[in-house]
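Everything below concerns the one structure shown next.
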Amino acid sequence: MDLVLSDYAVPGMYFTDTLRRFLRHYPNLPLILVSGTIGEVKASVMVEVGAWDYVPKSRLPARARCQAGDRASRSPAARRPAARETAPNPAGPRSR
């Protein structure tokens, strides 16, 4: 993986906490903040916290915005990758 693009407004996620956790686990992996809901001031604070850069969604190519919107509008089940078929485990289910 070369870099991570992350939206600021993700339901159930507080971006600052997520960014700090990300930086602890992947300190050398660039995270670029992409958002259509925050301004330059808040974005600059996120860069100070550790995001490598900020790109307003309005500056993304139209094709990228359309593709992201298409994915976001699908139901969560439709966004999940299809489950792989696997052969049953002859030893039975794993115990935890």
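We name chains A, B, ... following the order of the structure tokens; residues begin at 1 in each chain, and ligands are numbered from 1 as shown.
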
Need to verify the contact set: stretch 34-43 of chain A, 9 Å, only C-alpha atoms, exclusion of same-chain residues closer than 6 positions in sequence. Can you return it as a PDB file with N, CA and C atoms, in the first residue's frame?
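Dumped everything to around_6.pdb:
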ATOM      1  N   LEU A   5      -6.361   7.202   1.545  1.00  0.00           N
ATOM      2  CA  LEU A   5      -7.265   8.340   1.425  1.00  0.00           C
ATOM      3  C   LEU A   5      -8.381   8.109   2.430  1.00  0.00           C
ATOM      4  N   SER A   6      -8.668   9.093   3.257  1.00  0.00           N
ATOM      5  CA  SER A   6      -9.718   8.932   4.258  1.00  0.00           C
ATOM      6  C   SER A   6     -10.620  10.144   4.283  1.00  0.00           C
ATOM      7  N   ASP A   7     -11.909   9.894   4.318  1.00  0.00           N
ATOM      8  CA  ASP A   7     -12.885  10.962   4.476  1.00  0.00           C
ATOM      9  C   ASP A   7     -12.912  11.374   5.943  1.00  0.00           C
ATOM     10  N   TYR A   8     -13.220  12.616   6.188  1.00  0.00           N
ATOM     11  CA  TYR A   8     -13.311  13.106   7.566  1.00  0.00           C
ATOM     12  C   TYR A   8     -14.620  12.646   8.206  1.00  0.00           C
ATOM     13  N   ALA A   9     -15.699  12.715   7.455  1.00  0.00           N
ATOM     14  CA  ALA A   9     -17.030  12.414   7.992  1.00  0.00           C
ATOM     15  C   ALA A   9     -17.431  10.987   7.656  1.00  0.00           C
ATOM     16  N   ALA A  51      -2.128  14.042   9.661  1.00  0.00           N
ATOM     17  CA  ALA A  51      -2.472  13.760   8.261  1.00  0.00           C
ATOM     18  C   ALA A  51      -1.390  14.384   7.382  1.00  0.00           C
ATOM     19  N   ASP A  53      -1.747  15.434   4.235  1.00  0.00           N
ATOM     20  CA  ASP A  53      -2.257  16.517   3.402  1.00  0.00           C
ATOM     21  C   ASP A  53      -3.767  16.480   3.434  1.00  0.00           C
ATOM     22  N   TYR A  54      -4.367  17.491   2.809  1.00  0.00           N
ATOM     23  CA  TYR A  54      -5.827  17.615   2.726  1.00  0.00           C
ATOM     24  C   TYR A  54      -6.197  17.948   1.297  1.00  0.00           C
ATOM     25  N   VAL A  55      -7.225  17.257   0.785  1.00  0.00           N
ATOM     26  CA  VAL A  55      -7.742  17.550  -0.546  1.00  0.00           C
ATOM     27  C   VAL A  55      -9.256  17.720  -0.423  1.00  0.00           C
ATOM     28  N   PRO A  56      -9.780  18.912  -0.771  1.00  0.00           N
ATOM     29  CA  PRO A  56     -11.236  19.070  -0.771  1.00  0.00           C
ATOM     30  C   PRO A  56     -11.847  18.174  -1.845  1.00  0.00           C
ATOM     31  N   LYS A  57     -12.989  17.564  -1.537  1.00  0.00           N
ATOM     32  CA  LYS A  57     -13.624  16.689  -2.525  1.00  0.00           C
ATOM     33  C   LYS A  57     -13.914  17.426  -3.825  1.00  0.00           C
ATOM     34  N   SER A  58     -14.164  18.721  -3.735  1.00  0.00           N
ATOM     35  CA  SER A  58     -14.460  19.497  -4.938  1.00  0.00           C
ATOM     36  C   SER A  58     -13.266  19.550  -5.899  1.00  0.00           C
ATOM     37  N   LEU A  60     -11.301  16.864  -6.415  1.00  0.00           N
ATOM     38  CA  LEU A  60     -11.095  15.535  -6.989  1.00  0.00           C
ATOM     39  C   LEU A  60     -11.693  15.510  -8.390  1.00  0.00           C
TER      40      LEU A  60
END

Worksheet item: Can you list, as a ChimeraX atom specification, every protein, DNA or RNA residue that comes within 10 Å of A:Asp2 when you count only C-alpha atoms, leaving out same-chain residues fewer than 2 positions away?
Response: /A:4,28-31

Dump of C-alpha atoms for the selected residues, as a PDB file, in the first residue's frame:
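The result, written out as result_19.pdb:
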ATOM      1  CA  VAL A   4      -4.446   5.979   2.387  1.00  0.00           C
ATOM      2  CA  ASN A  28       5.382   5.943   7.659  1.00  0.00           C
ATOM      3  CA  LEU A  29       2.237   5.442   5.561  1.00  0.00           C
ATOM      4  CA  PRO A  30       0.843   8.732   4.209  1.00  0.00           C
ATOM      5  CA  LEU A  31      -2.791   9.422   5.068  1.00  0.00           C
TER       6      LEU A  31
END

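Atom CA of A:Met46 is found 8.8 Å from atom CA of A:Phe15.
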
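Shortest separation to A:Asp17 among A:Met1, A:Gly50, A:Ser44, A:Ala62 occurs at residue A:Gly50, atoms counted being only C-alpha atoms.
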